[in-house]
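> Have a peek at coords_21.cif (mmCIF, C-alpha atoms).
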```
data_start
#
loop_
_atom_site.label_atom_id
_atom_site.label_comp_id
_atom_site.auth_asym_id
_atom_site.auth_seq_id
_atom_site.Cartn_x
_atom_site.Cartn_y
_atom_site.Cartn_z
CA MET U 1 101.75 80.86 80.52
CA ARG U 2 101.96 77.15 81.34
CA LEU U 3 104.05 76.00 84.26
CA GLU U 4 105.92 73.55 81.99
CA ASN U 5 107.20 76.52 80.01
CA GLN U 6 108.50 78.32 83.07
CA VAL U 7 110.85 75.64 84.33
CA CYS U 8 113.61 73.71 82.61
CA SER U 9 112.45 70.55 80.85
CA LEU U 10 112.83 67.07 82.23
CA GLN U 11 116.01 66.15 80.32
CA PRO U 12 118.14 69.13 81.45
CA SER U 13 116.74 68.69 84.96
CA LYS U 14 117.83 65.05 84.99
CA LYS U 15 121.21 65.99 83.58
CA LEU U 16 121.80 68.66 86.22
CA HIS U 17 120.80 66.19 88.90
CA GLU U 18 123.28 63.63 87.49
CA LEU U 19 125.99 66.28 87.49
CA GLY U 20 125.47 66.68 91.21
CA LEU U 21 123.54 69.94 91.34
CA ASN U 22 121.53 70.00 94.51
CA HIS U 23 120.17 73.54 94.63
CA PRO U 24 116.68 73.98 96.14
CA SER U 25 113.79 74.61 93.76
CA ILE U 26 110.12 75.41 94.25
CA PHE U 27 108.99 73.13 91.42
CA VAL U 28 109.93 69.52 90.82
CA TRP U 29 109.57 66.97 88.04
CA GLU U 30 107.82 63.83 89.22
CA TYR U 31 108.97 61.06 86.95
CA PHE U 32 107.51 57.55 86.87
CA ASN U 33 108.50 56.60 83.33
CA ASP U 34 108.83 58.20 79.90
CA LYS U 35 105.05 58.31 79.51
CA ALA U 36 104.22 59.53 82.99
CA TYR U 37 105.91 62.61 84.30
CA ALA U 38 104.75 66.03 85.35
CA VAL U 39 105.98 69.19 86.95
CA LYS U 40 104.58 70.07 90.37
CA TYR U 41 104.71 72.92 92.83
CA TYR U 42 106.93 71.50 95.53
CA PRO U 43 104.69 71.88 98.60
CA PHE U 44 101.97 69.90 96.81
CA ALA U 45 104.20 67.36 95.10
CA VAL U 46 103.82 63.68 95.82
CA VAL U 47 105.87 62.57 98.76
CA ARG U 48 108.19 59.81 97.68
CA ASP U 49 107.05 56.42 98.95
CA GLU U 50 109.80 53.84 98.56
CA PHE U 51 107.42 50.90 99.06
CA ASN U 52 104.58 51.77 96.72
CA GLU U 53 106.25 53.99 94.16
CA SER U 54 109.69 52.57 93.69
CA ASN U 55 109.85 54.00 90.17
CA LEU U 56 109.05 57.53 91.20
CA GLN U 57 111.95 59.92 90.82
CA ILE U 58 112.02 63.56 91.76
CA TYR U 59 114.16 66.11 89.95
CA PRO U 60 114.36 69.84 90.66
CA ALA U 61 112.58 71.82 87.92
CA TYR U 62 114.53 75.06 88.05
CA THR U 63 112.92 78.39 87.18
CA VAL U 64 114.64 81.28 85.39
CA ALA U 65 115.16 83.04 88.73
CA GLU U 66 116.70 79.96 90.34
CA LEU U 67 119.03 79.36 87.41
CA GLY U 68 119.98 83.04 87.51
CA GLU U 69 121.01 82.57 91.11
CA ILE U 70 123.25 79.63 90.20
CA LEU U 71 124.79 80.95 86.98
CA PRO U 72 127.85 83.16 87.34
CA ASP U 73 127.77 86.75 86.14
CA TYR U 74 131.19 86.47 84.49
CA LEU U 75 133.51 83.67 83.45
CA TYR U 76 136.89 84.46 84.88
CA PRO U 77 139.97 83.56 82.82
CA LYS U 78 141.90 80.39 83.56
CA SER U 79 145.17 82.14 82.67
CA ALA U 80 146.54 85.53 83.68
CA SER U 81 146.43 86.81 80.10
CA GLY U 82 142.73 86.01 79.66
CA HIS U 83 139.73 88.30 79.88
CA ASP U 84 136.57 88.26 81.96
CA ARG U 85 133.65 87.19 79.81
CA PRO U 86 130.10 88.18 80.78
CA LEU U 87 127.13 85.88 80.44
CA PHE U 88 124.02 87.45 79.00
CA MET U 89 120.59 86.68 77.67
CA THR U 90 118.85 88.18 74.68
CA LYS U 91 115.72 87.34 72.74
CA VAL U 92 115.08 87.15 68.99
CA GLU U 93 111.38 86.91 68.18
CA ASP U 94 110.25 84.22 70.62
CA VAL U 95 113.61 82.46 70.98
CA TYR U 96 115.84 83.09 73.98
CA ILE U 97 119.59 83.04 73.54
CA VAL U 98 121.90 82.59 76.51
CA SER U 99 125.50 83.22 75.58
CA ILE U 100 128.96 84.32 76.63
CA LEU U 101 130.30 87.56 75.24
CA ASN U 102 133.94 87.14 74.22
CA PRO U 103 136.53 89.96 74.05
CA ASN U 104 136.33 89.98 70.24
CA GLN U 105 132.54 90.53 70.57
CA THR U 106 131.65 87.06 69.37
CA MET U 107 128.92 85.27 71.25
CA TYR U 108 130.03 81.74 71.92
CA PRO U 109 128.83 79.29 73.03
CA ARG U 110 125.16 80.05 72.48
CA PHE U 111 122.20 78.10 73.72
CA TYR U 112 118.79 78.66 72.16
CA SER U 113 115.33 77.73 73.28
CA LYS U 114 111.78 79.01 73.26
CA ASN U 115 111.86 78.30 76.98
CA GLU U 116 114.36 80.59 78.69
CA ALA U 117 114.84 78.20 81.58
CA ASP U 118 116.00 75.55 79.10
CA ALA U 119 118.52 77.87 77.47
CA ARG U 120 119.89 78.74 80.92
CA ALA U 121 119.97 75.10 81.98
CA GLU U 122 121.92 74.15 78.85
CA MET U 123 124.44 76.90 79.61
CA LEU U 124 124.75 75.66 83.18
CA ILE U 125 125.33 72.08 81.99
CA TYR U 126 128.03 73.34 79.64
CA LEU U 127 129.72 75.33 82.42
CA ILE U 128 129.68 72.39 84.83
CA GLU U 129 130.91 69.90 82.24
CA ASP U 130 133.70 72.24 81.15
CA GLY U 131 134.78 72.83 84.73
CA PHE U 132 133.92 76.54 84.96
CA ILE U 133 131.55 75.79 87.85
CA LYS U 134 131.90 73.11 90.48
CA THR U 135 128.59 71.83 91.82
CA ASN U 136 130.13 71.59 95.29
CA ASP U 137 130.70 75.34 95.26
CA ILE U 138 127.06 76.12 94.55
CA PRO U 139 125.20 76.89 97.80
CA MET K 1 115.67 81.29 97.86
CA GLU K 2 112.34 82.49 99.22
CA LEU K 3 109.23 82.46 97.08
CA GLU K 4 109.10 86.27 97.40
CA ASN K 5 112.34 86.40 95.41
CA LYS K 6 110.95 84.28 92.57
CA VAL K 7 108.13 86.66 91.75
CA CYS K 8 107.91 90.44 91.37
CA SER K 9 107.31 92.50 94.49
CA PHE K 10 103.84 93.52 95.61
CA ARG K 11 104.65 97.13 94.74
CA SER K 12 105.61 96.21 91.15
CA ALA K 13 102.58 93.94 90.89
CA GLU K 14 100.29 96.79 91.94
CA ARG K 15 101.79 99.15 89.37
CA LEU K 16 101.59 96.57 86.58
CA LYS K 17 97.92 95.98 87.32
CA GLU K 18 97.27 99.74 87.34
CA LEU K 19 98.93 99.96 83.94
CA GLY K 20 96.59 97.31 82.58
CA VAL K 21 98.83 94.26 82.32
CA LYS K 22 96.75 91.08 81.94
CA GLN K 23 96.40 89.38 85.30
CA GLU K 24 97.37 85.87 84.22
CA SER K 25 100.07 84.21 86.31
CA LEU K 26 100.94 81.17 88.38
CA PHE K 27 101.19 83.17 91.57
CA TYR K 28 99.16 86.05 92.94
CA TRP K 29 99.71 88.55 95.69
CA ARG K 30 96.79 88.70 98.09
CA LYS K 31 96.34 91.44 100.66
CA CYS K 32 95.73 90.14 104.15
CA ILE K 33 92.56 91.12 105.95
CA GLU K 34 94.52 92.24 108.99
CA LYS K 35 95.87 95.67 108.16
CA ASP K 36 99.27 95.19 109.78
CA ARG K 37 100.17 91.98 107.94
CA LEU K 38 102.15 91.96 104.74
CA PRO K 39 100.52 90.63 101.56
CA SER K 40 100.99 86.93 100.96
CA ILE K 41 101.53 84.90 97.80
CA VAL K 42 99.09 82.26 96.61
CA TYR K 43 99.76 79.63 93.99
CA THR K 44 97.10 78.71 91.48
CA LYS K 45 96.86 77.20 88.04
CA GLY K 46 93.60 79.04 87.45
CA LYS K 47 93.15 82.69 86.52
CA ILE K 48 91.98 84.93 89.36
CA ILE K 49 90.10 88.07 88.47
CA SER K 50 89.52 90.00 91.65
CA ASN K 51 90.32 93.43 93.03
CA ASP K 52 92.03 91.77 95.97
CA TYR K 53 94.59 89.85 93.90
CA TRP K 54 97.57 91.06 91.92
CA SER K 55 99.58 88.91 89.52
CA ALA K 56 102.90 88.04 91.13
CA PHE K 57 104.73 87.52 87.85
CA THR K 58 107.64 85.12 87.58
CA ALA K 59 110.74 85.88 85.48
CA SER K 60 109.46 83.65 82.65
CA GLU K 61 106.11 85.42 82.57
CA LEU K 62 107.73 88.85 82.51
CA LEU K 63 110.19 87.80 79.79
CA ASN K 64 107.26 86.51 77.81
CA ILE K 65 105.57 89.92 78.00
CA LEU K 66 108.71 91.99 77.37
CA PRO K 67 109.33 92.54 73.65
CA ALA K 68 112.44 91.09 72.01
CA HIS K 69 113.13 94.47 70.49
CA VAL K 70 111.87 98.03 70.64
CA ASN K 71 111.70 100.38 67.67
CA THR K 72 111.82 104.03 68.70
CA GLN K 73 110.76 105.18 65.18
CA LYS K 74 113.35 107.96 65.27
CA ASN K 75 117.09 108.56 64.81
CA GLU K 76 117.51 105.87 62.12
CA PRO K 77 119.53 103.69 61.84
CA PHE K 78 119.93 103.78 65.64
CA ASN K 79 116.26 103.12 66.20
CA ASN K 80 116.11 99.39 66.92
CA PHE K 81 116.99 98.08 70.35
CA ARG K 82 117.26 94.48 71.52
CA ILE K 83 116.69 93.16 75.01
CA ARG K 84 119.73 92.14 77.02
CA LEU K 85 119.83 90.73 80.52
CA GLN K 86 123.05 90.38 82.49
CA GLN K 87 124.21 89.83 86.02
CA ALA K 88 126.89 91.80 87.79
CA ILE K 89 128.05 92.72 91.22
CA LEU K 90 126.57 95.97 92.44
CA CYS K 91 128.32 97.90 95.16
CA GLU K 92 125.56 99.23 97.43
CA SER K 93 127.83 100.96 99.88
CA THR K 94 131.54 101.49 100.39
CA GLU K 95 131.64 101.84 104.17
CA PRO K 96 131.06 99.16 105.12
CA LEU K 97 131.65 97.53 101.74
CA LYS K 98 128.47 95.83 100.67
CA CYS K 99 128.30 94.16 97.26
CA VAL K 100 125.33 92.22 95.95
CA LYS K 101 124.80 90.12 92.84
CA SER K 102 122.20 91.99 90.80
CA HIS K 103 120.36 91.56 87.53
CA PHE K 104 120.62 94.33 84.96
CA ILE K 105 118.30 94.77 82.01
CA ASN K 106 118.33 97.23 79.16
CA TYR K 107 117.72 97.42 75.42
CA TYR K 108 120.84 97.77 73.27
CA CYS K 109 120.95 99.29 69.80
CA ASP K 110 121.52 96.62 67.17
CA THR K 111 123.36 99.04 64.89
CA THR K 112 126.96 99.80 65.60
CA SER K 113 128.32 103.31 65.69
CA SER K 114 131.98 104.06 65.03
CA GLY K 115 134.88 103.71 67.40
CA GLU K 116 136.37 101.11 69.63
CA ASN K 117 133.91 98.92 71.53
CA ALA K 118 131.07 100.63 69.74
CA TRP K 119 129.07 97.48 69.11
CA MET K 120 125.83 97.48 71.02
CA GLU K 121 126.93 100.39 73.16
CA ARG K 122 123.86 102.58 72.63
CA THR K 123 121.09 101.79 75.04
CA LEU K 124 117.40 102.65 75.10
CA TYR K 125 117.67 103.90 78.68
CA ASP K 126 120.70 105.64 80.18
CA ASN K 127 120.21 103.86 83.45
CA GLN K 128 119.90 100.10 83.57
CA CYS K 129 116.94 98.60 85.39
CA HIS K 130 118.48 96.53 88.10
CA ASP K 131 117.53 94.60 91.17
CA VAL K 132 118.78 91.71 93.28
CA ASN K 133 115.55 89.93 92.35
CA ILE K 134 115.48 89.24 88.60
CA CYS K 135 111.67 89.54 88.59
CA ASN K 136 111.82 93.07 90.00
CA ALA K 137 114.44 94.10 87.43
CA LEU K 138 112.22 92.80 84.62
CA ALA K 139 109.08 94.36 86.16
CA LYS K 140 110.83 97.76 86.38
CA MET K 141 111.70 97.55 82.69
CA LEU K 142 108.16 96.53 81.77
CA ILE K 143 106.72 99.46 83.75
CA LEU K 144 109.11 101.85 81.97
CA LEU K 145 108.21 100.50 78.52
CA ILE K 146 104.48 100.80 79.19
CA GLU K 147 104.81 104.29 80.69
CA ASP K 148 106.86 105.41 77.69
CA GLY K 149 104.35 103.97 75.24
CA PHE K 150 106.53 101.22 73.77
CA ILE K 151 104.01 98.58 74.87
CA LYS K 152 100.25 98.97 74.80
CA CYS K 153 98.15 97.13 77.34
CA GLY K 154 94.50 96.17 77.26
#
```
Could you render the structure as structure tokens?

Amino acid sequence: MRLENQVCSLQPSKKLHELGLNHPSIFVWEYFNDKAYAVKYYPFAVVRDEFNESNLQIYPAYTVAELGEILPDYLYPKSASGHDRPLFMTKVEDVYIVSILNPNQTMYPRFYSKNEADARAEMLIYLIEDGFIKTNDIP
Amino acid sequence: MELENKVCSFRSAERLKELGVKQESLFYWRKCIEKDRLPSIVYTKGKIISNDYWSAFTASELLNILPAHVNTQKNEPFNNFRIRLQQAILCESTEPLKCVKSHFINYYCDTTSSGENAWMERTLYDNQCHDVNICNALAKMLILLIEDGFIKCG
């Protein structure tokens, strides 16, 4: 299985970085421009050189395990009358679905991808943007 | 998060190799020559076929191997089970209170039975496979499925 399929793609990685997520990762995206970017194992990744590679940007390329560490197990209600809602992952054929199970058994929102890390990253972006998680609270 | 927590344990890796799981992974466990030292993890993009290396599977690799659903071929219509992975707090001890965030995996029947909260309540295994390390939870489930004949290797 290719490394690129085991980490979240460049776009969600960039988005999570923009949202202020600063969780350590073992892989990183090295990004020069839209035609030159690659995912690297962190110890062997290019060291950023401000003088020679001013365009080089580094973004954490989170794995499924890393995203699992960041994602909450439950969403706790904002009001006293609400219910706890568990997050879960399932798979249909080769598509991964990361979703929230609501009290009426509906699964919403749902994020789909053939790469599970991407589905998890999309869920994390949603949770940060909707204020369920604060990036400052993530260790 | 240590690298050891991003791949399955050496023990799981050994068992998976014994059961015939293809040894194709990004990381491998390698036994150290010195007997007292613990095995170490090596990273490679190439496939290693050697008796001294065991695939240290990541969560993505294990999820890729695990089937989306399992058909038990008996007890229709409650014969089709879908994979479901969740996280929850597990209480390891009460005195002193020690709770850890764990990953739970099981296969849930996709056919509802009657009664309140019946939807997806039937599970393939009575006990969930769980572990603090997601890779170990997935590896435990994979070992169970192979041992029970739901997945054929080789």
> Given the file above and the PyMOL selection byres ((chain U and resi 94) around 10), which residues are selected, and can you give them as a list of chain:residue names?
U:Lys91, U:Val92, U:Glu93, U:Val95, U:Tyr96, U:Ile97, U:Ser113, U:Lys114, U:Asn115, U:Glu116, K:Leu63, K:Asn64, K:Pro67, K:Ala68
> How would you write, as a list in words, the residues chosen by the PyMOL selection byres ((chain K) within 6 of (chain U)) on this structure?
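What the PyMOL selection byres ((chain K) within 6 of (chain U)) grabs from the file is Lys6, Ser60, Ala68, Ile83, Arg84, Leu85, Gln86, Gln87 and Ala88 of chain K.
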> Write the residues you've just listed into a file as a PDB file, in the frame of the given file, and include C-alpha atoms for each of them.

```
ATOM      1  CA  LYS K   6     110.950  84.280  92.570  1.00  0.00           C
ATOM      2  CA  SER K  60     109.460  83.650  82.650  1.00  0.00           C
ATOM      3  CA  ALA K  68     112.440  91.090  72.010  1.00  0.00           C
ATOM      4  CA  ILE K  83     116.690  93.160  75.010  1.00  0.00           C
ATOM      5  CA  ARG K  84     119.730  92.140  77.020  1.00  0.00           C
ATOM      6  CA  LEU K  85     119.830  90.730  80.520  1.00  0.00           C
ATOM      7  CA  GLN K  86     123.050  90.380  82.490  1.00  0.00           C
ATOM      8  CA  GLN K  87     124.210  89.830  86.020  1.00  0.00           C
ATOM      9  CA  ALA K  88     126.890  91.800  87.790  1.00  0.00           C
TER      10      ALA K  88
END
```
> How many Å separate CA of Trp29 (chain K) from CA of Ile89 (chain K)?
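Answer for the CA of Trp29 (chain K) to CA of Ile89 (chain K) separation: 29.0 Å.
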> Kindly provide, as AutoDock Vina command-line options, the centre and edge lengths (Å, one decimal) of an axis-aligned box around all atoms of region 136-148 of chain K given in the file, with 3 Å on each side.

```
--center_x 109.5 --center_y 99.1 --center_z 83.8 --size_x 16.0 --size_y 18.6 --size_z 18.3
```
> Given the point (118.4, 100.6, 64.3) in the file's coordinates, find the residues that have an atom at most 7 Å from it, counting all atoms listed in the file, and give them as a list in words.
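Neighbouring residues, ordered by chain and number, come to Glu76, Pro77, Phe78, Asn79, Asn80, Phe81, Cys109, Asp110 and Thr111 of chain K.
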> Reconstruct N, CA and C atoms of region 3-20 of chain K; output as a short mmCIF file (atom, residue, chain, number, x, y, z; two decimals), in the coordinates of the input.

```
data_model
loop_
_atom_site.label_atom_id
_atom_site.label_comp_id
_atom_site.auth_asym_id
_atom_site.auth_seq_id
_atom_site.Cartn_x
_atom_site.Cartn_y
_atom_site.Cartn_z
N LEU K 3 110.19 82.29 98.16
CA LEU K 3 109.23 82.46 97.08
C LEU K 3 109.09 83.94 96.68
N GLU K 4 109.20 84.82 97.66
CA GLU K 4 109.10 86.27 97.40
C GLU K 4 110.16 86.74 96.39
N ASN K 5 111.27 86.01 96.33
CA ASN K 5 112.34 86.40 95.41
C ASN K 5 112.21 85.73 94.04
N LYS K 6 111.16 84.95 93.87
CA LYS K 6 110.95 84.28 92.57
C LYS K 6 109.80 84.91 91.81
N VAL K 7 109.20 85.91 92.41
CA VAL K 7 108.13 86.66 91.75
C VAL K 7 108.40 88.15 91.96
N CYS K 8 107.68 89.00 91.20
CA CYS K 8 107.91 90.44 91.37
C CYS K 8 107.28 90.89 92.70
N SER K 9 107.78 92.00 93.19
CA SER K 9 107.31 92.50 94.49
C SER K 9 105.86 92.94 94.41
N PHE K 10 105.24 93.07 95.57
CA PHE K 10 103.84 93.52 95.61
C PHE K 10 103.71 94.91 94.99
N ARG K 11 104.69 95.76 95.26
CA ARG K 11 104.65 97.13 94.74
C ARG K 11 104.66 97.12 93.20
N SER K 12 105.55 96.30 92.62
CA SER K 12 105.61 96.21 91.15
C SER K 12 104.31 95.61 90.62
N ALA K 13 103.81 94.61 91.32
CA ALA K 13 102.58 93.94 90.89
C ALA K 13 101.42 94.93 90.86
N GLU K 14 101.35 95.77 91.88
CA GLU K 14 100.29 96.79 91.94
C GLU K 14 100.37 97.73 90.74
N ARG K 15 101.59 98.19 90.47
CA ARG K 15 101.79 99.15 89.37
C ARG K 15 101.46 98.50 88.02
N LEU K 16 101.86 97.25 87.85
CA LEU K 16 101.59 96.57 86.58
C LEU K 16 100.09 96.39 86.37
N LYS K 17 99.37 96.12 87.45
CA LYS K 17 97.92 95.98 87.32
C LYS K 17 97.28 97.33 86.98
N GLU K 18 97.77 98.38 87.63
CA GLU K 18 97.27 99.74 87.34
C GLU K 18 97.47 100.09 85.88
N LEU K 19 98.61 99.65 85.34
CA LEU K 19 98.93 99.96 83.94
C LEU K 19 98.19 99.08 82.95
N GLY K 20 97.45 98.12 83.45
CA GLY K 20 96.59 97.31 82.58
C GLY K 20 97.19 96.02 82.08
#
```
